[in-house]
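One file, target-v2.csv, carrying CSV, C-alpha atoms and all ligand atoms:
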chain,number,residue,atom,x,y,z
A,149,MET,CA,57.8,-133.5,79.2
A,150,LEU,CA,60.1,-136.6,79.0
A,151,ASP,CA,60.8,-138.5,82.1
A,152,ALA,CA,64.4,-137.1,82.4
A,153,LEU,CA,66.0,-139.4,84.9
A,154,PRO,CA,65.2,-142.8,83.4
A,155,THR,CA,65.9,-141.4,80.0
A,156,ALA,CA,69.3,-140.1,81.1
A,157,ARG,CA,70.0,-143.4,82.8
A,158,ARG,CA,69.2,-145.4,79.6
A,159,ILE,CA,71.3,-143.1,77.4
A,160,ALA,CA,74.2,-142.5,79.7
A,161,LEU,CA,74.6,-146.0,81.2
A,162,ASP,CA,72.9,-148.5,79.0
A,163,GLU,CA,73.7,-147.0,75.6
A,164,GLN,CA,76.8,-145.1,76.7
A,165,GLY,CA,75.5,-142.2,74.5
A,166,VAL,CA,75.6,-138.4,74.8
A,167,LEU,CA,72.8,-136.6,76.5
A,168,SER,CA,71.0,-134.0,74.4
A,169,ARG,CA,70.2,-130.5,75.5
A,170,GLU,CA,66.6,-131.6,75.9
A,171,VAL,CA,67.5,-134.4,78.4
A,172,LEU,CA,69.9,-132.1,80.2
A,173,ALA,CA,67.1,-129.5,80.5
A,174,GLY,CA,64.9,-132.2,82.0
A,175,LEU,CA,67.5,-132.9,84.6
A,176,ALA,CA,67.9,-129.2,85.3
A,177,ALA,CA,64.2,-129.1,86.0
A,178,LEU,CA,63.9,-132.1,88.2
A,179,PRO,CA,62.3,-131.3,91.5
A,180,ARG,CA,64.6,-131.1,94.5
A,181,GLU,CA,63.4,-134.3,95.9
A,182,ASP,CA,64.6,-136.1,92.8
A,183,VAL,CA,68.1,-134.6,92.8
A,184,GLY,CA,69.4,-137.6,94.9
A,185,GLY,CA,68.6,-139.9,92.1
A,186,LEU,CA,70.4,-137.7,89.7
A,187,LEU,CA,73.5,-137.7,91.9
A,188,THR,CA,73.5,-141.5,92.1
A,189,LEU,CA,73.3,-141.7,88.3
A,190,ALA,CA,76.2,-139.3,87.9
A,191,ASP,CA,78.2,-141.3,90.4
A,192,ASP,CA,77.5,-144.6,88.5
A,193,VAL,CA,78.6,-142.9,85.3
A,194,ARG,CA,81.8,-141.6,86.9
A,195,ARG,CA,82.6,-145.1,88.2
A,196,ARG,CA,82.1,-146.6,84.9
A,197,ALA,CA,84.2,-143.9,83.1
A,198,SER,CA,87.1,-143.6,85.5
A,199,GLY,CA,86.7,-146.2,88.3
A,200,ASP,CA,88.0,-145.1,91.7
A,201,ALA,CA,90.9,-142.9,90.4
A,202,ALA,CA,90.9,-139.4,92.0
A,203,ALA,CA,92.9,-136.7,90.2
A,204,VAL,CA,94.6,-134.4,92.7
A,205,GLU,CA,96.0,-131.1,91.5
A,206,VAL,CA,97.9,-128.2,93.1
A,207,LEU,CA,97.7,-124.7,91.7
A,208,PHE,CA,100.7,-122.3,91.8
A,209,ASN,CA,99.9,-118.7,91.5
A,210,ALA,CA,103.1,-117.5,89.7
A,211,LYS,CA,102.1,-113.9,89.4
A,212,LYS,CA,99.4,-112.7,91.7
A,213,GLY,CA,97.1,-109.7,91.2
A,214,GLY,CA,97.5,-106.6,89.0
A,215,CYS,CA,95.5,-108.0,86.1
A,216,SER,CA,94.4,-105.6,83.4
A,217,GLU,CA,91.1,-107.4,82.9
A,218,ASP,CA,87.8,-106.7,84.7
A,219,CYS,CA,86.3,-110.2,85.4
A,220,HIS,CA,83.7,-109.3,88.0
A,221,PHE,CA,84.4,-112.3,90.2
A,222,CYS,CA,88.1,-111.9,90.4
A,223,SER,CA,90.0,-110.3,93.2
A,224,GLN,CA,93.2,-110.3,91.1
A,225,SER,CA,91.8,-107.5,88.8
A,226,ALA,CA,93.8,-104.3,89.2
A,227,ARG,CA,90.5,-102.4,88.7
A,228,TYR,CA,89.0,-103.4,92.1
A,229,ALA,CA,90.0,-102.5,95.6
A,230,THR,CA,90.5,-106.0,97.0
A,231,ASP,CA,92.8,-107.5,99.6
A,232,VAL,CA,95.1,-109.0,96.8
A,233,LEU,CA,98.2,-107.1,96.3
A,234,ALA,CA,100.0,-107.3,93.0
A,235,GLU,CA,103.2,-109.4,93.2
A,236,PRO,CA,106.0,-109.8,90.7
A,237,LEU,CA,106.4,-112.9,88.6
A,238,ARG,CA,108.1,-115.7,90.7
A,239,GLU,CA,111.7,-116.8,90.0
A,240,THR,CA,112.3,-120.2,88.2
A,241,HIS,CA,113.6,-121.8,91.4
A,242,GLU,CA,110.3,-120.9,93.2
A,243,PHE,CA,108.3,-122.7,90.5
A,244,LEU,CA,110.5,-125.8,91.0
A,245,ASP,CA,110.2,-125.6,94.8
A,246,ALA,CA,106.4,-125.3,94.5
A,247,ALA,CA,106.2,-128.3,92.1
A,248,ARG,CA,108.3,-130.4,94.5
A,249,GLU,CA,106.0,-129.5,97.3
A,250,ALA,CA,103.0,-130.3,95.2
A,251,ARG,CA,104.5,-133.8,94.5
A,252,ASP,CA,105.1,-134.3,98.2
A,253,ARG,CA,101.5,-133.4,98.9
A,254,GLY,CA,100.3,-136.2,96.5
A,255,ALA,CA,99.6,-134.2,93.4
A,256,ALA,CA,100.2,-135.7,90.0
A,257,GLU,CA,99.6,-132.4,88.3
A,258,PHE,CA,101.0,-128.9,88.9
A,259,CYS,CA,99.2,-126.0,87.3
A,260,ILE,CA,101.0,-122.8,86.8
A,261,VAL,CA,98.6,-119.8,86.9
A,262,VAL,CA,99.3,-116.2,86.2
A,263,ALA,CA,96.9,-113.3,86.5
A,264,VAL,CA,97.2,-111.7,83.0
A,265,ARG,CA,95.1,-111.2,79.9
A,266,GLY,CA,97.8,-113.1,78.0
A,267,PRO,CA,101.5,-113.8,78.4
A,268,SER,CA,104.3,-111.2,77.6
A,269,ASN,CA,107.4,-112.6,76.0
A,270,ALA,CA,109.3,-112.4,79.3
A,271,LEU,CA,106.5,-114.2,81.2
A,272,LEU,CA,106.3,-116.9,78.6
A,273,GLU,CA,110.0,-117.5,78.7
A,274,ARG,CA,109.9,-117.8,82.5
A,275,VAL,CA,107.1,-120.3,82.4
A,276,CYS,CA,108.8,-122.4,79.7
A,277,GLU,CA,112.1,-122.3,81.6
A,278,ALA,CA,110.3,-123.4,84.8
A,279,THR,CA,108.4,-126.2,82.9
A,280,ARG,CA,111.7,-127.5,81.5
A,281,ALA,CA,113.2,-127.5,85.0
A,282,ILE,CA,110.2,-129.3,86.5
A,283,ARG,CA,110.1,-131.9,83.8
A,284,ALA,CA,113.8,-132.6,84.1
A,285,ASP,CA,113.5,-132.9,87.9
A,286,MET,CA,110.2,-134.8,88.0
A,287,PRO,CA,109.4,-136.5,84.7
A,288,GLU,CA,106.2,-138.0,86.1
A,289,MET,CA,104.7,-134.6,87.1
A,290,HIS,CA,102.3,-133.2,84.5
A,291,VAL,CA,102.6,-129.5,84.0
A,292,ALA,CA,99.5,-127.5,83.1
A,293,VAL,CA,99.4,-123.8,82.6
A,294,SER,CA,96.7,-121.1,82.8
A,295,LEU,CA,98.2,-118.0,81.1
A,296,GLY,CA,95.1,-116.3,79.6
A,297,ILE,CA,94.6,-115.7,75.9
A,298,LEU,CA,97.1,-117.5,73.8
A,299,THR,CA,98.4,-117.2,70.2
A,300,ASP,CA,99.7,-119.9,68.0
A,301,ALA,CA,103.3,-118.7,68.7
A,302,HIS,CA,102.6,-119.0,72.5
A,303,CYS,CA,101.2,-122.5,72.1
A,304,ALA,CA,104.2,-123.7,70.0
A,305,LYS,CA,106.7,-122.5,72.7
A,306,LEU,CA,104.7,-124.1,75.5
A,307,ALA,CA,104.5,-127.4,73.7
A,308,GLU,CA,108.2,-127.4,73.1
A,309,ALA,CA,108.8,-126.8,76.8
A,310,GLY,CA,106.8,-129.9,77.8
A,311,VAL,CA,103.5,-128.4,79.0
A,312,HIS,CA,100.8,-131.0,78.6
A,313,LYS,CA,97.6,-129.2,79.4
A,314,ILE,CA,96.2,-125.8,78.9
A,315,ASN,CA,93.6,-124.4,81.3
A,316,HIS,CA,91.3,-121.7,79.8
A,317,ASN,CA,87.8,-121.5,81.3
A,318,LEU,CA,84.8,-120.5,79.4
A,319,GLU,CA,83.6,-119.3,82.8
A,320,THR,CA,79.9,-119.2,81.9
A,321,SER,CA,77.5,-119.1,79.0
A,322,ARG,CA,78.1,-117.0,75.9
A,323,ARG,CA,74.9,-115.0,76.8
A,324,HIS,CA,76.0,-114.3,80.3
A,325,PHE,CA,79.7,-113.6,79.7
A,326,PRO,CA,79.3,-109.9,78.8
A,327,ALA,CA,77.7,-109.4,82.3
A,328,ILE,CA,80.9,-110.7,84.0
A,329,CYS,CA,83.6,-109.3,81.8
A,330,SER,CA,83.9,-106.4,79.3
A,331,THR,CA,87.7,-106.4,78.6
A,332,HIS,CA,87.8,-109.5,76.5
A,333,SER,CA,85.1,-111.6,74.7
A,334,TYR,CA,83.7,-115.1,75.0
A,335,ASP,CA,84.9,-115.6,71.4
A,336,GLU,CA,88.5,-114.8,72.4
A,337,ARG,CA,88.2,-117.5,75.1
A,338,TRP,CA,86.6,-120.0,72.8
A,339,GLU,CA,89.3,-119.4,70.2
A,340,THR,CA,92.1,-120.0,72.8
A,341,CYS,CA,90.5,-123.3,73.8
A,342,LEU,CA,90.3,-124.4,70.1
A,343,ARG,CA,93.9,-123.3,69.5
A,344,ALA,CA,95.1,-125.3,72.5
A,345,LYS,CA,93.5,-128.4,71.1
A,346,ARG,CA,94.9,-127.8,67.6
A,347,HIS,CA,98.4,-127.7,69.1
A,348,GLY,CA,97.8,-131.1,70.7
A,349,PHE,CA,97.4,-130.0,74.3
A,350,GLU,CA,94.9,-131.5,76.6
A,351,LEU,CA,92.3,-128.9,77.2
A,352,CYS,CA,91.0,-128.0,80.7
A,353,SER,CA,88.0,-125.7,80.5
A,354,GLY,CA,85.2,-125.1,83.0
A,355,GLY,CA,84.0,-122.1,84.9
A,356,ILE,CA,82.2,-120.7,87.9
A,357,ILE,CA,78.6,-121.0,88.9
A,358,GLY,CA,76.8,-118.5,91.1
A,359,MET,CA,77.6,-115.4,89.1
A,360,GLY,CA,73.9,-114.4,88.5
A,361,GLU,CA,73.4,-116.8,85.6
A,362,THR,CA,70.1,-118.4,84.9
A,363,ALA,CA,69.3,-122.1,84.7
A,364,GLU,CA,69.2,-121.6,80.9
A,365,ASP,CA,72.8,-120.1,81.1
A,366,ARG,CA,74.0,-123.2,83.0
A,367,LEU,CA,72.5,-125.4,80.3
A,368,ASP,CA,74.1,-123.3,77.5
A,369,PHE,CA,77.4,-123.5,79.4
A,370,LEU,CA,77.3,-127.3,79.6
A,371,CYS,CA,76.3,-127.6,76.0
A,372,ALA,CA,79.2,-125.4,74.9
A,373,LEU,CA,81.6,-127.6,76.9
A,374,GLN,CA,80.1,-130.6,75.2
A,375,GLU,CA,80.9,-129.0,71.9
A,376,LEU,CA,84.4,-128.0,73.0
A,377,GLY,CA,85.2,-131.5,74.4
A,378,PRO,CA,87.8,-130.6,77.2
A,379,VAL,CA,89.5,-133.6,78.9
A,380,GLU,CA,88.9,-131.7,82.2
A,381,VAL,CA,86.2,-129.5,83.6
A,382,PRO,CA,87.0,-127.6,86.7
A,383,ILE,CA,83.9,-126.5,88.5
A,384,ASN,CA,84.2,-123.4,90.8
A,385,PHE,CA,81.5,-122.0,93.0
A,386,LEU,CA,81.5,-118.3,93.4
A,387,ASN,CA,83.2,-117.2,96.6
A,388,PRO,CA,82.2,-113.5,96.6
A,389,ARG,CA,85.3,-111.6,97.2
A,390,PRO,CA,85.2,-108.2,99.0
A,391,GLY,CA,85.8,-105.3,96.6
A,392,THR,CA,84.7,-107.1,93.5
A,393,PRO,CA,81.5,-106.3,91.7
A,394,LEU,CA,80.1,-109.7,92.7
A,395,SER,CA,81.0,-109.2,96.4
A,396,ASP,CA,77.3,-109.1,97.5
A,397,ARG,CA,76.1,-112.2,95.7
A,398,SER,CA,74.9,-115.1,97.7
A,399,ILE,CA,76.7,-118.4,98.0
A,400,VAL,CA,75.2,-121.0,95.6
A,401,ASP,CA,72.5,-123.2,97.1
A,402,PRO,CA,74.4,-126.5,97.8
A,403,VAL,CA,71.7,-128.7,96.3
A,404,GLU,CA,72.0,-126.7,93.0
A,405,ALA,CA,75.7,-126.9,93.2
A,406,LEU,CA,75.5,-130.7,93.5
A,407,ARG,CA,73.0,-130.8,90.7
A,408,PHE,CA,75.4,-128.9,88.4
A,409,VAL,CA,78.3,-131.3,89.3
A,410,ALA,CA,76.1,-134.2,88.4
A,411,MET,CA,74.9,-132.6,85.2
A,412,ALA,CA,78.5,-131.9,84.2
A,413,ARG,CA,79.4,-135.5,84.6
A,414,LEU,CA,76.4,-136.6,82.6
A,415,ALA,CA,77.1,-134.0,79.9
A,416,LEU,CA,80.7,-135.0,79.6
A,417,PRO,CA,80.9,-138.6,80.8
A,418,TYR,CA,84.6,-139.2,80.2
A,419,ALA,CA,85.9,-135.8,81.3
A,420,LEU,CA,87.8,-135.3,84.6
A,421,VAL,CA,85.2,-133.3,86.6
A,422,ARG,CA,87.2,-131.4,89.2
A,423,LEU,CA,85.8,-129.7,92.3
A,424,ALA,CA,87.7,-126.4,92.6
A,425,GLY,CA,87.5,-123.1,94.3
A,426,GLY,CA,84.6,-122.3,96.5
A,427,ARG,CA,83.8,-125.9,97.3
A,428,GLU,CA,84.3,-125.5,101.0
A,429,ILE,CA,82.0,-122.5,101.5
A,430,THR,CA,79.4,-123.8,99.1
A,431,LEU,CA,79.2,-127.5,100.0
A,432,GLN,CA,80.4,-127.2,103.6
A,433,GLY,CA,79.5,-130.6,105.2
A,434,LEU,CA,78.3,-131.9,101.8
A,435,GLN,CA,81.7,-132.1,100.2
A,436,ASP,CA,81.7,-135.9,100.5
A,437,LEU,CA,78.5,-135.9,98.5
A,438,GLY,CA,80.2,-133.6,96.0
A,439,MET,CA,82.6,-136.5,95.3
A,440,GLN,CA,79.7,-138.9,95.1
A,441,SER,CA,77.9,-136.7,92.5
A,442,GLY,CA,80.1,-137.4,89.5
A,443,ALA,CA,83.3,-135.6,90.4
A,444,SER,CA,86.6,-137.4,89.8
A,445,GLY,CA,89.1,-134.9,91.1
A,446,ILE,CA,89.9,-132.0,93.3
A,447,VAL,CA,92.1,-129.0,93.5
A,448,LEU,CA,93.9,-129.1,96.8
A,449,GLY,CA,93.7,-125.9,98.8
A,450,ALA,CA,95.0,-123.2,98.7
A,451,TYR,CA,93.4,-121.8,95.7
A,452,LEU,CA,94.7,-118.7,93.8
A,453,THR,CA,93.7,-116.1,96.4
A,454,THR,CA,91.8,-118.0,99.0
A,455,ALA,CA,92.7,-120.8,101.4
A,456,GLY,CA,91.3,-124.3,101.3
A,457,ARG,CA,91.2,-126.8,104.1
A,458,ASP,CA,94.0,-129.1,105.2
A,459,ASP,CA,95.2,-131.7,102.7
A,460,GLU,CA,94.6,-134.5,105.3
A,461,GLU,CA,90.9,-133.6,105.4
A,462,ASP,CA,90.7,-133.8,101.6
A,463,PHE,CA,92.5,-137.1,101.4
A,464,ALA,CA,90.3,-138.5,104.2
A,465,MET,CA,87.3,-137.4,102.2
A,466,LEU,CA,88.6,-139.2,99.1
A,467,ARG,CA,89.2,-142.3,101.1
A,468,ARG,CA,85.7,-142.1,102.7
A,469,THR,CA,84.0,-141.7,99.4
A,470,GLY,CA,85.7,-144.8,97.9
A,471,PHE,CA,88.5,-143.2,95.9
A,472,ALA,CA,91.9,-144.7,95.7
A,473,VAL,CA,94.5,-142.2,97.2
A,501,LIG,S1,90.0,-114.0,85.9
A,501,LIG,FE1,92.0,-114.0,85.0
A,501,LIG,S2,91.8,-112.5,83.3
A,501,LIG,FE2,90.1,-112.2,84.6
A,501,LIG,S3,90.7,-110.5,86.0
A,501,LIG,FE3,91.2,-112.5,87.0
A,501,LIG,S4,93.3,-112.9,86.5
A,501,LIG,FE4,92.6,-111.4,85.1
Reformat the file's structure so that it appears as structure tokens.
Amino acid sequence: MLDALPTARRIALDEQGVLSREVLAGLAALPREDVGGLLTLADDVRRRASGDAAAVEVLFNAKKGGCSEDCHFCSQSARYATDVLAEPLRETHEFLDAAREARDRGAAEFCIVVAVRGPSNALLERVCEATRAIRADMPEMHVAVSLGILTDAHCAKLAEAGVHKINHNLETSRRHFPAICSTHSYDERWETCLRAKRHGFELCSGGIIGMGETAEDRLDFLCALQELGPVEVPINFLNPRPGTPLSDRSIVDPVEALRFVAMARLALPYALVRLAGGREITLQGLQDLGMQSGASGIVLGAYLTTAGRDDEEDFAMLRRTGFAV
């Protein structure tokens, strides 16, 4: 077996090349005592790719709960008895107020999220109207959206309104996907990602680890992201929500969580690797190390249905770990 760490260092740093699946598999198999070296390499690659810039984003859950889909990790599915109550779509002025608050919290990007399979006409109109209002009020604020499965017509309207980025997560590997969702397919997700790119949007696509996937699934997932080429990869760590089918799963081992963050950086050296939901419960006191393992951004709490920690703690973490805030 090749000596994965020096090989990865040579390809990623010296040659500025792309790591193959074979090299990534070697990194996945590194013994735990060597993971520290992997994190250092990922940190070096991140510094070379994006310097000390930290990307800070705030999510806005514009229509909570009541979703028709059955994603097993999600407390917003209407199929599960969770503590998330379905709420109506927010009014345009609420989007604008939330975007202003995000700006005041230090975010450069505001991501509008709705819990749906895909947008209805009315929902799309509201999101477009809100995007126009935000862009007029804060031209410097980037607006991203996460609206589920999109058609060409949806994409055309979102582009016209000024949306710059589409989030649509692959979530996991193609092989594991049917085990976490039966109401739509991996191919539908893949197609929406490609469609977003065809329409000229920046693509944000990542997923969740800790949903019962194997090490092989994590590798497949990273290789699929390499093929897709998103500009941003959000990494979530399963926070098992009461009432969902994954409620009894364990929290991801923090060392394996860090290993995955580092591998994501090395697989996609120029992407924005963003630590997202579940980072607090998974990494706990190791969140600083998370930012020193290849990550280049965070989602500020709160997340869609769970709370994060105070912004000040996150900004202090970014400063401590050498990021410009
Ligand atoms: S992850 Fe999205 S599509 Fe799946 S149930 Fe939750 S809100 Fe619906």
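Atom pair atom CA of A:Leu373 / atom CA of A:Arg322: separated by 11.2 Å.
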Select the residues contacting ligand LIG 501 (chain A) at a distance of at most 9 Å, based on only C-alpha atoms and all ligand atoms, then format the selection as a ChimeraX atom specification.
/A:212-227,261-266,294-297,319,329,331-332
Closest atom pairs, residues of stretch 152-243 of chain A within 12 Å of stretch 392-408 of chain A, only C-alpha atoms, as CSV:
residue,atom,partner,partner_atom,distance
A:Leu172,CA,A:Phe408,CA,10.4
A:Ala173,CA,A:Phe408,CA,11.5
A:Gly174,CA,A:Arg407,CA,12.0
A:Leu175,CA,A:Arg407,CA,8.5
A:Ala176,CA,A:Arg407,CA,7.6
A:Ala177,CA,A:Arg407,CA,10.1
A:Leu178,CA,A:Arg407,CA,9.5
A:Pro179,CA,A:Arg407,CA,10.7
A:Arg180,CA,A:Val403,CA,7.7
A:Glu181,CA,A:Val403,CA,10.0
A:Asp182,CA,A:Arg407,CA,10.2
A:Val183,CA,A:Arg407,CA,6.5
A:Gly184,CA,A:Arg407,CA,8.8
A:Gly185,CA,A:Arg407,CA,10.2
A:Leu186,CA,A:Arg407,CA,7.4
A:Leu187,CA,A:Arg407,CA,7.0
A:Thr188,CA,A:Arg407,CA,10.8
A:Leu189,CA,A:Arg407,CA,11.2
A:Ala190,CA,A:Arg407,CA,9.5
A:Asp191,CA,A:Leu406,CA,11.4
A:Asp218,CA,A:Thr392,CA,9.3
A:Cys219,CA,A:Thr392,CA,8.8
A:His220,CA,A:Pro393,CA,5.2
A:Phe221,CA,A:Leu394,CA,5.6
A:Cys222,CA,A:Thr392,CA,6.6
A:Ser223,CA,A:Thr392,CA,6.2
A:Gln224,CA,A:Thr392,CA,9.4
A:Ser225,CA,A:Thr392,CA,8.5
A:Ala226,CA,A:Thr392,CA,10.4
A:Arg227,CA,A:Thr392,CA,8.9
A:Tyr228,CA,A:Thr392,CA,5.8
A:Ala229,CA,A:Thr392,CA,7.3
A:Thr230,CA,A:Thr392,CA,6.9
A:Asp231,CA,A:Thr392,CA,10.1
A:Val232,CA,A:Thr392,CA,11.1
Rank nothing, just name the residue among A:Asn315, A:Ser321, A:Thr454, A:Ser333 nearest to A:Cys352, using only C-alpha atoms.
A:Asn315
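Counting all atoms listed in the file and comparing A:Glu205, A:Leu423, A:Arg253, A:Ala304, the residue that lies closest to A:Asp458 is A:Arg253.
Across the structure, atom CA of A:Met286 and atom CA of A:Asn384 are spaced 28.5 Å apart.
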I'd like to know which of A:Asp162, A:Asp200, A:Glu308, A:Glu235 is closest to A:Gly445, using all atoms listed in the file.
A:Asp200
May I ask which of the residues A:Trp338, A:Glu361, A:Gln440, A:Thr453 is the closest one to A:Leu233, counting all atoms listed in the file?
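Checking each candidate against A:Leu233, we get A:Thr453 as the closest.
Taking atom CA of A:Asp245 and atom CA of A:Arg427 as endpoints, the distance between them is 26.5 Å.
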What lies within 9 Å of A:Arg251 using all atoms listed in the file, ignoring chain neighbours under 6 positions off, as a PyMOL selection string?
chain A and resi 206+257-258+286+289
Which of A:Gly391, A:Leu437, A:Leu386, A:Gly358 sits closest to A:Gly425 [using all atoms listed in the file]
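Closest residue, counting all atoms listed in the file: A:Leu386.
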Option closest in space to A:Val381, from A:His324, A:His290, A:Arg337, A:His316 [counting only C-alpha atoms]:
A:His316
Save stretch 164-233 of chain A to disk from that block, C-alpha atoms included, as an mmCIF file, in the first residue's frame.
data_model
loop_
_atom_site.group_PDB
_atom_site.id
_atom_site.type_symbol
_atom_site.label_atom_id
_atom_site.label_comp_id
_atom_site.auth_asym_id
_atom_site.auth_seq_id
_atom_site.Cartn_x
_atom_site.Cartn_y
_atom_site.Cartn_z
ATOM 1 C CA GLN A 164 -0.865 21.280 -6.696
ATOM 2 C CA GLY A 165 -2.591 18.301 -8.237
ATOM 3 C CA VAL A 166 -5.796 16.405 -7.540
ATOM 4 C CA LEU A 167 -5.783 13.452 -5.200
ATOM 5 C CA SER A 168 -6.968 10.190 -6.719
ATOM 6 C CA ARG A 169 -9.386 7.848 -5.046
ATOM 7 C CA GLU A 170 -6.477 5.539 -4.260
ATOM 8 C CA VAL A 171 -4.631 8.256 -2.333
ATOM 9 C CA LEU A 172 -7.819 9.333 -0.564
ATOM 10 C CA ALA A 173 -8.428 5.697 0.392
ATOM 11 C CA GLY A 174 -4.943 5.620 1.894
ATOM 12 C CA LEU A 175 -5.736 8.687 3.970
ATOM 13 C CA ALA A 176 -9.018 7.127 5.102
ATOM 14 C CA ALA A 177 -7.054 4.115 6.296
ATOM 15 C CA LEU A 178 -4.341 6.022 8.167
ATOM 16 C CA PRO A 179 -4.037 4.815 11.752
ATOM 17 C CA ARG A 180 -5.481 7.210 14.293
ATOM 18 C CA GLU A 181 -2.046 8.197 15.548
ATOM 19 C CA ASP A 182 -1.251 9.573 12.080
ATOM 20 C CA VAL A 183 -4.419 11.655 11.740
ATOM 21 C CA GLY A 184 -2.629 14.663 13.268
ATOM 22 C CA GLY A 185 -0.271 14.733 10.263
ATOM 23 C CA LEU A 186 -3.275 14.599 7.935
ATOM 24 C CA LEU A 187 -4.908 17.569 9.679
ATOM 25 C CA THR A 188 -1.688 19.588 9.406
ATOM 26 C CA LEU A 189 -1.432 18.841 5.691
ATOM 27 C CA ALA A 190 -5.057 19.881 5.141
ATOM 28 C CA ASP A 191 -4.427 23.095 7.068
ATOM 29 C CA ASP A 192 -1.389 23.837 4.878
ATOM 30 C CA VAL A 193 -3.423 23.241 1.728
ATOM 31 C CA ARG A 194 -6.233 25.473 2.997
ATOM 32 C CA ARG A 195 -3.791 28.283 3.782
ATOM 33 C CA ARG A 196 -2.290 28.078 0.337
ATOM 34 C CA ALA A 197 -5.738 28.021 -1.319
ATOM 35 C CA SER A 198 -7.577 30.700 0.629
ATOM 36 C CA GLY A 199 -5.159 32.280 3.099
ATOM 37 C CA ASP A 200 -6.639 33.468 6.369
ATOM 38 C CA ALA A 201 -10.084 34.371 4.979
ATOM 39 C CA ALA A 202 -12.978 32.829 6.899
ATOM 40 C CA ALA A 203 -16.377 32.686 5.206
ATOM 41 C CA VAL A 204 -19.210 33.283 7.645
ATOM 42 C CA GLU A 205 -22.771 32.473 6.677
ATOM 43 C CA VAL A 206 -26.148 32.758 8.352
ATOM 44 C CA LEU A 207 -29.060 30.474 7.449
ATOM 45 C CA PHE A 208 -32.645 31.658 7.360
ATOM 46 C CA ASN A 209 -35.290 28.983 7.649
ATOM 47 C CA ALA A 210 -38.035 30.631 5.613
ATOM 48 C CA LYS A 211 -40.533 27.783 5.851
ATOM 49 C CA LYS A 212 -39.987 25.404 8.667
ATOM 50 C CA GLY A 213 -41.252 21.825 8.857
ATOM 51 C CA GLY A 214 -44.097 20.053 7.107
ATOM 52 C CA CYS A 215 -41.894 18.664 4.332
ATOM 53 C CA SER A 216 -43.331 15.883 2.168
ATOM 54 C CA GLU A 217 -39.997 14.034 1.958
ATOM 55 C CA ASP A 218 -38.715 11.320 4.275
ATOM 56 C CA CYS A 219 -35.003 12.110 4.730
ATOM 57 C CA HIS A 220 -34.255 9.988 7.773
ATOM 58 C CA PHE A 221 -32.053 12.561 9.467
ATOM 59 C CA CYS A 222 -34.490 15.436 9.166
ATOM 60 C CA SER A 223 -36.813 16.695 11.870
ATOM 61 C CA GLN A 224 -38.607 18.858 9.284
ATOM 62 C CA SER A 225 -40.192 15.874 7.552
ATOM 63 C CA ALA A 226 -43.970 15.781 8.099
ATOM 64 C CA ARG A 227 -43.697 11.991 8.371
ATOM 65 C CA TYR A 228 -42.018 11.981 11.763
ATOM 66 C CA ALA A 229 -43.271 13.008 15.191
ATOM 67 C CA THR A 230 -40.599 15.554 16.047
ATOM 68 C CA ASP A 231 -40.532 18.773 18.019
ATOM 69 C CA VAL A 232 -40.570 20.850 14.807
ATOM 70 C CA LEU A 233 -43.961 22.331 14.076
#
